[in-house]
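The structure file my_file-v8.cif is reproduced below (mmCIF, C-alpha atoms).
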data_my_file
loop_
_atom_site.label_atom_id
_atom_site.label_comp_id
_atom_site.auth_asym_id
_atom_site.auth_seq_id
_atom_site.Cartn_x
_atom_site.Cartn_y
_atom_site.Cartn_z
CA MET R 22 0.00 0.00 0.00
CA THR R 23 1.37 3.39 -1.02
CA SER R 24 2.06 5.69 1.90
CA ILE R 25 0.59 9.18 1.98
CA PRO R 26 3.19 11.89 1.31
CA SER R 27 3.92 14.00 4.36
CA ALA R 28 2.75 17.18 2.59
CA CYS R 29 -0.64 15.56 2.01
CA ALA R 30 -1.08 13.97 5.42
CA HIS R 31 -3.90 15.48 7.49
CA ARG R 32 -5.23 17.34 4.44
CA ALA R 33 -8.67 16.24 3.29
CA TRP R 34 -11.55 17.27 1.05
CA LEU R 35 -13.98 19.58 2.85
CA GLU R 36 -17.47 20.22 1.60
CA VAL R 37 -18.15 23.89 0.92
CA ALA R 38 -21.12 23.66 -1.46
CA LYS R 39 -24.07 25.70 -0.26
CA ASN R 40 -26.43 23.28 -2.01
CA ILE R 41 -24.85 19.90 -2.61
CA SER R 42 -27.84 18.75 -4.68
CA SER R 43 -26.90 21.33 -7.34
CA CYS R 44 -23.71 19.31 -7.98
CA SER R 45 -25.38 15.89 -8.14
CA ASP R 46 -26.27 15.98 -11.83
CA LYS R 47 -22.90 17.30 -12.95
CA ASP R 48 -19.59 15.67 -13.77
CA LEU R 49 -16.92 16.21 -11.12
CA LEU R 50 -13.75 18.13 -11.95
CA THR R 51 -10.73 18.48 -9.64
CA VAL R 52 -8.23 21.31 -10.02
CA MET R 53 -4.88 22.05 -8.35
CA SER R 54 -3.08 25.40 -8.31
CA TYR R 55 0.48 25.42 -6.99
CA ASN R 56 3.42 27.82 -6.97
CA ILE R 57 6.19 25.23 -6.78
CA LEU R 58 9.07 27.72 -6.15
CA CYS R 59 11.48 27.93 -9.06
CA GLN R 60 14.82 26.40 -8.13
CA THR R 61 16.74 29.30 -9.72
CA LEU R 62 15.11 31.72 -7.24
CA ILE R 63 16.28 29.83 -4.16
CA LYS R 64 18.95 31.56 -2.08
CA ARG R 65 20.06 30.49 1.36
CA SER R 66 19.63 34.08 2.62
CA ARG R 67 15.92 33.97 1.75
CA TYR R 68 15.30 30.73 3.63
CA PRO R 69 17.78 30.72 6.54
CA TYR R 70 15.52 28.41 8.58
CA ALA R 71 15.37 25.68 5.90
CA SER R 72 17.42 22.51 6.11
CA LYS R 73 20.09 22.02 3.46
CA GLY R 74 18.28 19.07 1.94
CA SER R 75 14.93 20.83 1.67
CA LEU R 76 16.42 23.40 -0.72
CA LYS R 77 18.04 20.90 -3.10
CA TRP R 78 16.23 20.24 -6.36
CA LYS R 79 16.62 16.47 -6.24
CA THR R 80 14.81 16.33 -2.89
CA ARG R 81 12.21 18.95 -3.78
CA LYS R 82 11.44 17.35 -7.13
CA GLU R 83 10.67 13.94 -5.62
CA THR R 84 8.49 15.52 -2.93
CA LEU R 85 6.59 17.56 -5.53
CA PHE R 86 6.06 14.48 -7.70
CA LYS R 87 4.66 12.53 -4.75
CA GLU R 88 2.26 15.35 -3.90
CA LEU R 89 1.04 15.70 -7.48
CA LYS R 90 0.62 11.95 -7.82
CA HIS R 91 -1.28 11.66 -4.54
CA TRP R 92 -3.92 14.24 -5.45
CA ASP R 93 -4.05 13.11 -9.09
CA THR R 94 -6.31 16.01 -10.07
CA ASP R 95 -7.96 16.34 -13.47
CA ILE R 96 -6.26 19.69 -14.10
CA VAL R 97 -2.95 20.94 -12.67
CA CYS R 98 -1.87 24.60 -12.85
CA LEU R 99 1.73 25.25 -11.80
CA GLN R 100 3.50 28.58 -11.34
CA GLU R 101 7.24 29.29 -11.11
CA MET R 102 7.91 26.30 -13.30
CA GLY R 103 11.60 26.46 -14.22
CA ILE R 104 12.17 26.21 -17.95
CA ASN R 105 15.01 23.68 -17.71
CA TYR R 106 13.18 21.70 -15.02
CA TRP R 107 10.09 21.49 -17.21
CA ASN R 108 12.06 20.12 -20.13
CA GLU R 109 14.15 17.72 -18.06
CA ASP R 110 11.70 16.54 -15.41
CA PHE R 111 8.12 17.72 -15.23
CA ASP R 112 6.94 17.19 -18.80
CA CYS R 113 8.03 13.54 -18.73
CA PHE R 114 6.52 13.00 -15.28
CA LEU R 115 3.17 14.45 -16.30
CA VAL R 116 3.02 12.46 -19.55
CA ALA R 117 3.80 9.28 -17.61
CA ASN R 118 0.89 10.06 -15.29
CA GLY R 119 -1.66 10.54 -18.03
CA TYR R 120 -1.51 14.29 -18.65
CA ARG R 121 -1.26 16.53 -21.68
CA SER R 122 0.24 19.95 -21.03
CA ARG R 123 0.97 23.43 -22.26
CA PHE R 124 3.89 25.47 -20.91
CA PHE R 125 4.42 29.21 -21.49
CA PHE R 126 7.13 31.59 -20.33
CA ASN R 127 8.59 35.02 -20.99
CA THR R 128 12.07 34.81 -22.52
CA PHE R 129 13.36 37.34 -19.95
CA LYS R 130 12.57 34.96 -17.08
CA SER R 131 13.83 31.54 -16.06
CA HIS R 132 10.37 30.25 -15.19
CA GLY R 133 6.81 30.17 -16.52
CA VAL R 134 3.38 28.65 -15.98
CA SER R 135 1.89 25.34 -17.09
CA VAL R 136 -1.58 23.86 -17.47
CA SER R 137 -1.93 20.06 -17.56
CA TRP R 138 -5.06 17.95 -17.97
CA LYS R 139 -5.92 14.26 -17.92
CA ARG R 140 -6.02 13.13 -21.53
CA SER R 141 -8.46 10.37 -20.57
CA LYS R 142 -11.01 13.02 -19.59
CA PHE R 143 -10.37 16.10 -21.75
CA HIS R 144 -9.12 17.21 -25.10
CA ILE R 145 -7.90 20.69 -25.96
CA VAL R 146 -9.95 22.81 -28.36
CA ASP R 147 -8.27 26.22 -28.06
CA GLU R 148 -5.52 28.13 -26.27
CA LEU R 149 -4.26 31.66 -25.77
CA HIS R 150 -0.83 32.84 -24.64
CA VAL R 151 -1.15 36.15 -22.77
CA SER R 152 1.88 38.43 -22.54
CA MET R 153 1.90 41.18 -19.93
CA ASP R 154 4.77 43.19 -21.36
CA GLY R 155 5.23 46.13 -23.72
CA SER R 156 3.12 44.38 -26.35
CA ALA R 157 0.05 44.66 -24.08
CA GLU R 158 -1.87 47.90 -23.60
CA VAL R 159 -4.44 48.89 -21.00
CA CYS R 160 -6.25 52.24 -21.03
CA GLY R 161 -3.72 53.62 -23.50
CA GLU R 162 -0.68 52.56 -21.45
CA SER R 163 1.82 49.86 -22.41
CA LEU R 164 2.77 47.49 -19.61
CA ASN R 165 6.34 47.58 -18.31
CA THR R 166 6.38 44.10 -16.72
CA GLN R 167 7.38 40.67 -18.02
CA ASN R 168 4.62 38.43 -16.65
CA ILE R 169 2.43 36.02 -18.56
CA ALA R 170 -0.74 33.94 -18.41
CA LEU R 171 -1.94 30.83 -20.18
CA VAL R 172 -5.59 30.28 -21.15
CA ILE R 173 -6.57 26.76 -22.19
CA VAL R 174 -9.99 25.65 -23.46
CA LEU R 175 -10.85 22.00 -22.75
CA ARG R 176 -13.84 19.89 -23.65
CA LYS R 177 -14.96 16.77 -21.83
CA GLY R 178 -14.13 13.61 -23.71
CA SER R 179 -11.12 11.37 -24.00
CA GLU R 180 -8.40 12.48 -26.35
CA THR R 181 -8.37 8.97 -27.86
CA ARG R 182 -11.96 9.40 -29.07
CA CYS R 183 -10.73 12.20 -31.27
CA LEU R 184 -7.94 10.07 -32.73
CA ASP R 185 -9.88 6.95 -33.67
CA ALA R 186 -10.53 8.15 -37.20
CA GLN R 187 -8.17 7.14 -40.01
CA ASP R 188 -6.74 10.59 -40.60
CA GLU R 189 -6.32 13.81 -38.65
CA GLU R 190 -8.90 15.81 -40.64
CA SER R 191 -11.70 13.28 -40.35
CA GLY R 192 -10.68 12.60 -36.75
CA ALA R 193 -11.19 16.25 -35.85
CA ARG R 194 -14.57 16.25 -37.66
CA ASN R 195 -15.74 13.08 -35.91
CA CYS R 196 -14.56 14.45 -32.58
CA ALA R 197 -16.53 17.66 -33.07
CA GLU R 198 -19.64 15.69 -34.04
CA ALA R 199 -19.37 13.21 -31.16
CA LEU R 200 -18.37 15.64 -28.44
CA GLY R 201 -19.72 18.95 -29.70
CA LYS R 202 -22.29 19.15 -26.92
CA ALA R 203 -20.04 17.89 -24.12
CA PRO R 204 -19.35 20.34 -21.28
CA GLY R 205 -16.13 22.27 -21.35
CA VAL R 206 -13.95 24.50 -19.22
CA ILE R 207 -11.84 27.59 -19.85
CA ILE R 208 -8.89 27.34 -17.46
CA SER R 209 -6.35 30.12 -16.97
CA ASN R 210 -3.10 30.14 -15.02
CA THR R 211 -0.98 33.16 -14.17
CA HIS R 212 1.75 34.53 -11.92
CA LEU R 213 1.38 38.28 -11.49
CA TYR R 214 4.00 40.91 -10.74
CA TRP R 215 5.89 40.16 -7.53
CA LEU R 216 6.92 43.59 -6.21
CA PRO R 217 4.75 44.43 -3.17
CA GLY R 218 4.44 48.10 -4.19
CA GLY R 219 3.29 47.14 -7.69
CA CYS R 220 -0.48 47.17 -7.09
CA TYR R 221 -0.99 49.43 -10.11
CA GLU R 222 0.94 47.06 -12.37
CA ARG R 223 -0.95 44.05 -11.02
CA LEU R 224 -4.29 45.73 -11.72
CA GLN R 225 -3.16 46.35 -15.29
CA GLN R 226 -2.21 42.67 -15.52
CA GLN R 227 -5.54 41.55 -14.09
CA ILE R 228 -7.31 43.44 -16.88
CA VAL R 229 -5.06 41.84 -19.52
CA LEU R 230 -5.81 38.40 -18.02
CA LEU R 231 -9.56 39.02 -17.86
CA ARG R 232 -9.49 40.31 -21.43
CA GLY R 233 -7.93 37.04 -22.58
CA VAL R 234 -10.42 34.93 -20.64
CA LYS R 235 -13.32 37.00 -22.00
CA GLU R 236 -12.04 36.46 -25.54
CA MET R 237 -12.33 32.71 -25.00
CA GLN R 238 -15.72 33.08 -23.27
CA GLU R 239 -17.12 34.83 -26.32
CA LYS R 240 -15.99 31.89 -28.48
CA TYR R 241 -17.22 29.24 -26.00
CA PRO R 242 -20.13 30.89 -24.13
CA ASP R 243 -21.39 27.69 -22.48
CA PHE R 244 -18.05 26.69 -20.97
CA ALA R 245 -17.23 26.99 -17.27
CA VAL R 246 -14.46 29.44 -16.32
CA ILE R 247 -11.74 28.74 -13.73
CA SER R 248 -8.79 31.06 -13.07
CA CYS R 249 -5.81 29.84 -11.06
CA GLY R 250 -2.56 31.44 -10.02
CA ASP R 251 -0.26 33.28 -7.72
CA PHE R 252 -1.82 36.73 -7.98
CA ASN R 253 0.64 38.28 -5.50
CA THR R 254 -2.41 40.04 -4.09
CA THR R 255 -3.66 39.79 -0.52
CA PRO R 256 -7.42 39.68 0.23
CA ASP R 257 -7.38 43.24 1.59
CA ASP R 258 -5.89 44.68 -1.61
CA ALA R 259 -7.97 46.63 -4.12
CA GLY R 260 -7.10 44.05 -6.77
CA TYR R 261 -8.85 41.27 -4.83
CA ASP R 262 -11.99 43.34 -4.26
CA LEU R 263 -12.11 44.34 -7.94
CA LEU R 264 -11.86 40.67 -8.94
CA THR R 265 -14.46 39.31 -6.54
CA LYS R 266 -16.87 41.95 -5.19
CA PRO R 267 -20.28 42.83 -6.68
CA ARG R 268 -20.35 46.00 -8.74
CA PRO R 269 -19.97 48.83 -7.92
CA VAL R 270 -16.93 48.17 -5.73
CA ARG R 271 -16.25 50.80 -3.07
CA LEU R 272 -12.51 51.03 -2.41
CA ASN R 273 -11.24 52.61 0.79
CA GLU R 274 -8.61 55.34 0.96
CA TRP R 275 -5.83 52.90 1.86
CA GLN R 276 -6.61 50.69 -1.13
CA LEU R 277 -6.70 53.65 -3.51
CA ASP R 278 -3.42 55.01 -2.17
CA ASN R 279 -1.75 51.64 -2.70
CA LEU R 280 -2.99 51.64 -6.30
CA LEU R 281 -1.12 54.85 -7.14
CA PRO R 282 1.66 54.15 -9.64
CA ARG R 283 5.08 53.67 -8.07
CA THR R 284 8.53 54.16 -9.51
CA ILE R 285 9.55 50.53 -9.81
CA GLU R 286 12.76 48.76 -10.63
CA ASP R 287 13.03 46.66 -13.76
CA ASP R 288 11.12 43.40 -13.49
CA ASP R 289 14.13 41.11 -13.54
CA GLU R 290 15.02 37.76 -12.09
CA GLU R 291 15.68 39.13 -8.61
CA ASP R 292 12.17 38.13 -7.56
CA ASP R 293 11.90 37.69 -3.82
CA PRO R 294 8.77 35.56 -3.39
CA GLY R 295 8.78 36.00 0.39
CA SER R 296 9.41 39.72 0.57
CA LYS R 297 6.57 42.11 1.22
CA ALA R 298 8.63 45.19 2.12
CA GLY R 299 7.67 47.07 -1.01
CA LYS R 300 9.06 50.41 -2.05
CA SER R 301 6.80 53.45 -2.21
CA THR R 302 8.51 56.02 -4.37
CA ALA R 303 5.63 57.50 -6.31
CA ALA R 304 5.83 61.21 -6.92
CA SER R 305 2.21 61.41 -5.85
CA THR R 306 2.95 59.97 -2.39
CA ALA R 307 5.32 62.83 -1.63
CA VAL R 308 2.51 65.39 -1.68
CA GLY R 309 1.43 66.20 1.86
CA SER R 310 4.11 63.91 3.28
CA ASN R 311 5.66 64.67 6.65
CA ASN R 312 8.97 63.20 5.57
CA LYS R 313 11.77 65.73 5.47
CA GLY R 314 14.10 63.79 3.18
CA ALA R 315 15.32 64.75 -0.23
CA GLY R 316 12.62 66.19 -2.45
CA SER R 317 10.31 67.20 0.44
CA LYS R 318 11.85 70.40 1.79
CA SER R 319 9.50 72.99 3.24
CA TYR R 320 9.70 76.72 2.65
CA ALA R 321 10.87 77.16 6.24
CA SER R 322 14.07 75.31 5.43
CA VAL R 323 15.07 77.97 2.93
CA THR R 324 16.61 80.93 4.74
CA ALA R 325 17.71 83.89 2.68
CA SER R 326 20.54 86.02 3.97
CA PRO R 327 20.23 89.80 3.68
CA PHE R 328 23.01 89.67 1.14
CA ASP R 329 21.49 86.96 -1.03
CA GLU R 330 17.78 87.72 -1.49
CA ASP R 331 17.96 86.88 -5.18
CA CYS R 332 19.28 83.40 -4.37
CA ALA R 333 16.54 82.83 -1.79
CA ARG R 334 13.91 84.01 -4.24
CA ALA R 335 15.22 81.59 -6.85
CA LYS R 336 15.12 78.71 -4.38
CA ARG R 337 11.56 79.53 -3.41
CA ALA R 338 10.55 79.66 -7.05
CA LYS R 339 12.20 76.30 -7.67
CA LEU R 340 10.40 74.70 -4.73
CA GLU R 341 7.09 76.16 -5.86
CA GLU R 342 7.65 74.69 -9.33
CA GLN R 343 8.51 71.29 -7.84
CA GLU R 344 5.38 71.35 -5.70
CA ARG R 345 3.24 72.32 -8.69
CA LYS R 346 4.66 69.41 -10.70
CA LEU R 347 4.05 67.01 -7.83
CA GLU R 348 0.43 68.15 -7.55
CA GLU R 349 -0.04 67.73 -11.29
CA GLN R 350 1.52 64.28 -11.14
CA ALA R 351 -0.69 63.29 -8.20
CA LYS R 352 -3.77 64.36 -10.16
CA MET R 353 -2.68 62.43 -13.24
CA ASP R 354 -1.88 59.34 -11.16
CA ALA R 355 -5.33 59.44 -9.52
CA GLU R 356 -6.93 59.71 -12.98
CA ARG R 357 -4.89 56.74 -14.24
CA VAL R 358 -6.04 54.65 -11.28
CA GLN R 359 -9.66 55.65 -11.82
CA ARG R 360 -9.49 54.61 -15.47
CA LEU R 361 -8.30 51.12 -14.47
CA VAL R 362 -10.88 50.80 -11.70
CA SER R 363 -13.69 51.91 -14.01
CA THR R 364 -12.54 49.58 -16.80
CA ILE R 365 -12.43 46.41 -14.72
CA GLN R 366 -15.82 47.13 -13.15
CA ARG R 367 -17.49 48.06 -16.44
CA ASP R 368 -16.11 45.28 -18.64
CA TYR R 369 -15.72 42.24 -16.39
CA LYS R 370 -18.05 40.38 -14.05
CA PRO R 371 -16.79 39.41 -10.58
CA LEU R 372 -15.33 35.98 -9.94
CA GLU R 373 -15.74 33.83 -6.84
CA SER R 374 -12.83 32.49 -4.79
CA CYS R 375 -12.96 28.78 -3.92
CA TYR R 376 -11.32 29.48 -0.55
CA GLY R 377 -13.24 32.73 -0.03
CA ALA R 378 -15.23 31.26 2.87
CA TYR R 379 -12.57 28.86 4.11
CA THR R 380 -12.43 30.30 7.62
CA ASP R 381 -16.09 29.34 8.09
CA ILE R 382 -14.99 25.68 8.11
CA ASP R 383 -11.50 26.07 9.61
CA ASP R 384 -11.31 28.83 12.19
CA SER R 385 -7.59 28.15 12.82
CA TYR R 386 -6.96 30.10 9.62
CA ARG R 387 -8.89 33.20 10.69
CA THR R 388 -7.15 36.56 10.71
CA GLU R 389 -8.16 40.10 11.65
CA GLN R 390 -6.74 41.40 8.35
CA TRP R 391 -9.51 40.00 6.14
CA HIS R 392 -12.62 37.86 6.22
CA GLY R 393 -13.15 34.48 4.61
CA GLU R 394 -9.84 33.77 2.89
CA PRO R 395 -7.21 31.82 4.88
CA LYS R 396 -4.56 33.88 6.65
CA PHE R 397 -1.78 32.45 4.49
CA THR R 398 -0.90 30.41 1.43
CA ASN R 399 2.71 31.63 1.44
CA TYR R 400 4.70 30.87 4.60
CA THR R 401 8.19 32.35 4.91
CA ASP R 402 9.47 35.22 7.03
CA TRP R 403 6.44 36.94 5.54
CA LYS R 404 3.16 35.08 5.81
CA GLY R 405 -0.01 35.82 3.89
CA THR R 406 -2.43 34.76 1.18
CA LEU R 407 -1.33 35.28 -2.44
CA ASP R 408 -2.72 32.21 -4.24
CA TYR R 409 -6.25 31.61 -5.47
CA ILE R 410 -8.56 29.42 -7.50
CA PHE R 411 -11.31 31.67 -8.86
CA PHE R 412 -14.32 30.67 -10.93
CA ALA R 413 -17.13 32.47 -12.74
CA PRO R 414 -20.43 31.63 -11.00
CA GLY R 415 -23.09 30.31 -13.35
CA PRO R 416 -25.19 27.30 -14.34
CA GLU R 417 -22.15 25.70 -16.03
CA ILE R 418 -20.25 25.21 -12.79
CA SER R 419 -20.72 24.77 -9.06
CA LEU R 420 -18.09 24.55 -6.33
CA ARG R 421 -18.36 21.41 -4.25
CA ASP R 422 -15.23 20.91 -2.10
CA VAL R 423 -11.78 22.27 -1.31
CA VAL R 424 -8.82 20.53 0.28
CA SER R 425 -8.01 21.63 3.81
CA LEU R 426 -4.85 23.59 4.48
CA PRO R 427 -2.02 22.19 6.63
CA ASP R 428 -1.85 22.68 10.37
CA GLU R 429 0.36 25.73 10.91
CA LYS R 430 2.61 23.95 13.38
CA ARG R 431 3.77 21.71 10.51
CA LEU R 432 4.93 24.78 8.58
CA LYS R 433 6.90 26.56 11.29
CA PRO R 434 9.28 28.32 11.22
CA GLY R 435 8.85 28.60 7.48
CA LEU R 436 8.64 26.94 4.07
CA PRO R 437 10.10 25.09 2.32
CA ASN R 438 10.86 22.32 4.81
CA ASP R 439 11.47 18.59 4.61
CA ALA R 440 7.74 17.86 4.15
CA PHE R 441 6.63 20.82 2.04
CA PRO R 442 8.79 21.45 -1.05
CA SER R 443 7.68 25.02 -1.82
CA ASP R 444 7.28 28.27 0.08
CA HIS R 445 3.61 28.17 -0.98
CA VAL R 446 1.01 25.50 -0.16
CA SER R 447 -1.04 23.88 -2.89
CA LEU R 448 -4.72 24.73 -3.34
CA LEU R 449 -7.24 22.16 -4.60
CA ALA R 450 -10.90 22.48 -5.52
CA ARG R 451 -13.58 20.10 -6.77
CA PHE R 452 -16.35 21.35 -9.04
CA GLY R 453 -19.44 20.05 -10.74
CA ILE R 454 -19.57 20.99 -14.42
#

Please render this file's structure as structure tokens.
Amino acid sequence: MTSIPSACAHRAWLEVAKNISSCSDKDLLTVMSYNILCQTLIKRSRYPYASKGSLKWKTRKETLFKELKHWDTDIVCLQEMGINYWNEDFDCFLVANGYRSRFFFNTFKSHGVSVSWKRSKFHIVDELHVSMDGSAEVCGESLNTQNIALVIVLRKGSETRCLDAQDEESGARNCAEALGKAPGVIISNTHLYWLPGGCYERLQQQIVLLRGVKEMQEKYPDFAVISCGDFNTTPDDAGYDLLTKPRPVRLNEWQLDNLLPRTIEDDDEEDDPGSKAGKSTAASTAVGSNNKGAGSKSYASVTASPFDEDCARAKRAKLEEQERKLEEQAKMDAERVQRLVSTIQRDYKPLESCYGAYTDIDDSYRTEQWHGEPKFTNYTDWKGTLDYIFFAPGPEISLRDVVSLPDEKRLKPGLPNDAFPSDHVSLLARFGI
């Protein structure tokens, strides 16, 4: 008898359906979302509490494989999938375990995202690679990040049923005729911008993602929609509310301030998945600030000598011009934010989070910071919720169960450890479609 992997021990399916009878006449679909922690991002300084073995790829790989094999979900969405590790390890493992896959990455990064599905249950009918870089535009602005998303359209029905015909053309025709009315699912997977102060960039990316999903929805209007990923967004952020709350969404002052564009560093491979000490260097945040550092001098700090009134006058004029520019920038930044907020509310319907009411069934994960979502899915020196499985409510789909999260004492002092191979925990949901 196969033993249960340590990462899966004491985790079980928990019923969350409000009306279980609504799922009874539907086919069941299980989905996993998991940021597996790219090996190239691991540095000892980021995980000083971790054992030497728990950071080695050979150990982590085997632990990840055991976890994936144990849950054996119909669809697997992985983030931070290392390019070399996909080619050398994961693709072969997934094929051997009955999956077909798609893998997508930005050439400026060493990792990407993958979507895999059981070929005995689904066949692919469409796909969309979503780039969140300078080629993408939102509200007239080009994005300055390097993130991506993958949107895959699947239809129920074994892949082999589509290949029974004598040739590819007639096989596709027979497949369409035989399975044309079978239920389907539009599944997306993403990993949004990591910098904690990049709420504005993440909101841009959310719109690009939703635009891609909507494009597929318009082609396949009767398909269920599921959106997985590491959104690098906590449940108290504006981005979460704009994804999940009924329209119109009322954002508080703190959320709006965090949405103001920041001056960010290039989005390179120095991602720190556990760091939440974001920089706040927006010109707009300097207005009204009490800080007395560079760029925030008050008039009182300029003292003109009787012999240098012209110099003092010039300094005052310069400060007045700087303040005017800052006020103009603050106004423009607020307008940019409002355009994004208006766009996402006008053009996209809210999604529902599978773990959005998790604390109702597991009060050990309650937190004063937010309601419903668990207090963490990422557990390092910083602890909080960044990962989600969302779905579009409708007659095509109903949420039935989620897998419980690990007891916190098994995660201390931080992840990864010998049992859990990533700094994130996996999320799993079961739907009726």

Under the rule that all atoms listed in the file are counted, which of R:Asp384, R:Glu417, R:Asp329, R:Asp262 is the nearest residue to Gln366 (chain R)?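 For Gln366 (chain R), the nearest of the given residues is R:Asp262.
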
Surrounding residues of Leu263 (chain R) excluding itself and chain neighbours under 5 positions, 8 Å, all atoms listed in the file, as number ranges by chain: R: 270, 362, 365-366, 371

Please report the interatomic distance between CA of Lys177 (chain R) and CA of Pro204 (chain R) in Å with one decimal.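 Going from CA of Lys177 (chain R) over to CA of Pro204 (chain R), I get 5.7 Å.
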
Between R:Gly377, R:Gly415, R:Pro434, R:Gly260, which residue has the minimum interatomic distance to Tyr68 (chain R), considering only C-alpha atoms?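 Going through R:Gly377, R:Gly415, R:Pro434, R:Gly260 one by one, the smallest distance to Tyr68 (chain R) is for R:Pro434.
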
Go through the shown structure with the PyMOL selection byres ((chain R and resi 398) around 12) and write out the matching residues as a VMD selection string. chain R and resid 54 to 56 250 to 256 294 to 295 376 386 394 to 397 399 to 401 403 to 410 425 to 429 432 435 to 436 443 to 448

Could you check the closest approach to Lys370 (chain R) for each of R:Ser137, R:Thr23, R:Asn210, R:Gln238 and tell me which residue wins, using all atoms listed in the file?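 For Lys370 (chain R), the nearest of the candidates is R:Gln238.
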
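On the file presented, the PyMOL selection byres ((chain R and resi 60-62) around 7) picks out R:Leu58, R:Cys59, R:Ile63, R:Lys64, R:Trp78, R:Gly103.
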
Check which residues satisfy the PyMOL selection byres ((chain R and resi 246) around 9) in the file shown, then give them as a list of chain:residue names. R:Gly205, R:Val206, R:Ile207, R:Ile208, R:Ser209, R:Val234, R:Gln238, R:Phe244, R:Ala245, R:Ile247, R:Ser248, R:Phe411, R:Phe412, R:Ala413, R:Pro414, R:Glu417, R:Ile418

Include C-alpha atoms and write out the residues we just selected as a short mmCIF file (atom, residue, chain, number, x, y, z; two decimals), in the frame of the given file.
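Below you can see result_21.cif, which holds the result:
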data_model
loop_
_atom_site.label_atom_id
_atom_site.label_comp_id
_atom_site.auth_asym_id
_atom_site.auth_seq_id
_atom_site.Cartn_x
_atom_site.Cartn_y
_atom_site.Cartn_z
CA GLY R 205 -16.13 22.27 -21.35
CA VAL R 206 -13.95 24.50 -19.22
CA ILE R 207 -11.84 27.59 -19.85
CA ILE R 208 -8.89 27.34 -17.46
CA SER R 209 -6.35 30.12 -16.97
CA VAL R 234 -10.42 34.93 -20.64
CA GLN R 238 -15.72 33.08 -23.27
CA PHE R 244 -18.05 26.69 -20.97
CA ALA R 245 -17.23 26.99 -17.27
CA ILE R 247 -11.74 28.74 -13.73
CA SER R 248 -8.79 31.06 -13.07
CA PHE R 411 -11.31 31.67 -8.86
CA PHE R 412 -14.32 30.67 -10.93
CA ALA R 413 -17.13 32.47 -12.74
CA PRO R 414 -20.43 31.63 -11.00
CA GLU R 417 -22.15 25.70 -16.03
CA ILE R 418 -20.25 25.21 -12.79
#

May I have the protein, DNA and RNA residues with any atom at most 9 Å from the point (-13.6, 41.3, -16.9), counting only C-alpha atoms, written as a list of chain:residue names?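 Within the cut-off we find R:Gln227, R:Ile228, R:Val229, R:Leu230, R:Leu231, R:Arg232, R:Val234, R:Lys235, R:Leu264, R:Thr364, R:Ile365, R:Gln366, R:Arg367, R:Asp368, R:Tyr369, R:Lys370, R:Pro371, R:Leu372.
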
Using C-alpha atoms, can you write the selected residues to a file as a PDB file, in the frame of the given file?
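Saved to result_12.pdb:
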ATOM      1  CA  GLN R 227      -5.540  41.550 -14.090  1.00  0.00           C
ATOM      2  CA  ILE R 228      -7.310  43.440 -16.880  1.00  0.00           C
ATOM      3  CA  VAL R 229      -5.060  41.840 -19.520  1.00  0.00           C
ATOM      4  CA  LEU R 230      -5.810  38.400 -18.020  1.00  0.00           C
ATOM      5  CA  LEU R 231      -9.560  39.020 -17.860  1.00  0.00           C
ATOM      6  CA  ARG R 232      -9.490  40.310 -21.430  1.00  0.00           C
ATOM      7  CA  VAL R 234     -10.420  34.930 -20.640  1.00  0.00           C
ATOM      8  CA  LYS R 235     -13.320  37.000 -22.000  1.00  0.00           C
ATOM      9  CA  LEU R 264     -11.860  40.670  -8.940  1.00  0.00           C
ATOM     10  CA  THR R 364     -12.540  49.580 -16.800  1.00  0.00           C
ATOM     11  CA  ILE R 365     -12.430  46.410 -14.720  1.00  0.00           C
ATOM     12  CA  GLN R 366     -15.820  47.130 -13.150  1.00  0.00           C
ATOM     13  CA  ARG R 367     -17.490  48.060 -16.440  1.00  0.00           C
ATOM     14  CA  ASP R 368     -16.110  45.280 -18.640  1.00  0.00           C
ATOM     15  CA  TYR R 369     -15.720  42.240 -16.390  1.00  0.00           C
ATOM     16  CA  LYS R 370     -18.050  40.380 -14.050  1.00  0.00           C
ATOM     17  CA  PRO R 371     -16.790  39.410 -10.580  1.00  0.00           C
ATOM     18  CA  LEU R 372     -15.330  35.980  -9.940  1.00  0.00           C
TER      19      LEU R 372
END

Enumerate, in order of chain and increasing residue number, the residues of region 350-376 of chain R with an atom no farther than 12 Å from region 335-345 of chain R, each with its shortest atom pair and distance in Å to one decimal, counting all atoms listed in the file, as CSV.
residue,atom,partner,partner_atom,distance
R:Gln350,CA,R:Arg345,CA,8.6
R:Ala351,CA,R:Arg345,CA,9.9
R:Lys352,CA,R:Arg345,CA,10.7

Written file, previous selection with C-alpha atoms, as a short mmCIF file (atom, residue, chain, number, x, y, z; two decimals), in the coordinates of the input:
data_model
loop_
_atom_site.label_atom_id
_atom_site.label_comp_id
_atom_site.auth_asym_id
_atom_site.auth_seq_id
_atom_site.Cartn_x
_atom_site.Cartn_y
_atom_site.Cartn_z
CA GLN R 350 1.52 64.28 -11.14
CA ALA R 351 -0.69 63.29 -8.20
CA LYS R 352 -3.77 64.36 -10.16
#

As a check of understanding: the span from CA of Ala378 (chain R) to CA of Leu420 (chain R) is 11.7 Å

Minimum-distance residue to Leu280 (chain R), chosen among R:Met237, R:Leu361, R:Leu213, R:Val37 (using only C-alpha atoms):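 Of all the options, R:Leu361 lies closest to Leu280 (chain R).
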
Any idea what's packed within 7 Å of Ile104 (chain R), counting all atoms listed in the file, ignoring anything in its chain fewer than 4 positions away? Could you give it as JSON, numbers by chain? {"R": [108, 131, 132, 133]}

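If all atoms listed in the file are the atoms counted, then among R:Asn168, R:Thr211, R:Ser419, R:Thr80 the closest residue to Val134 (chain R) is R:Thr211.
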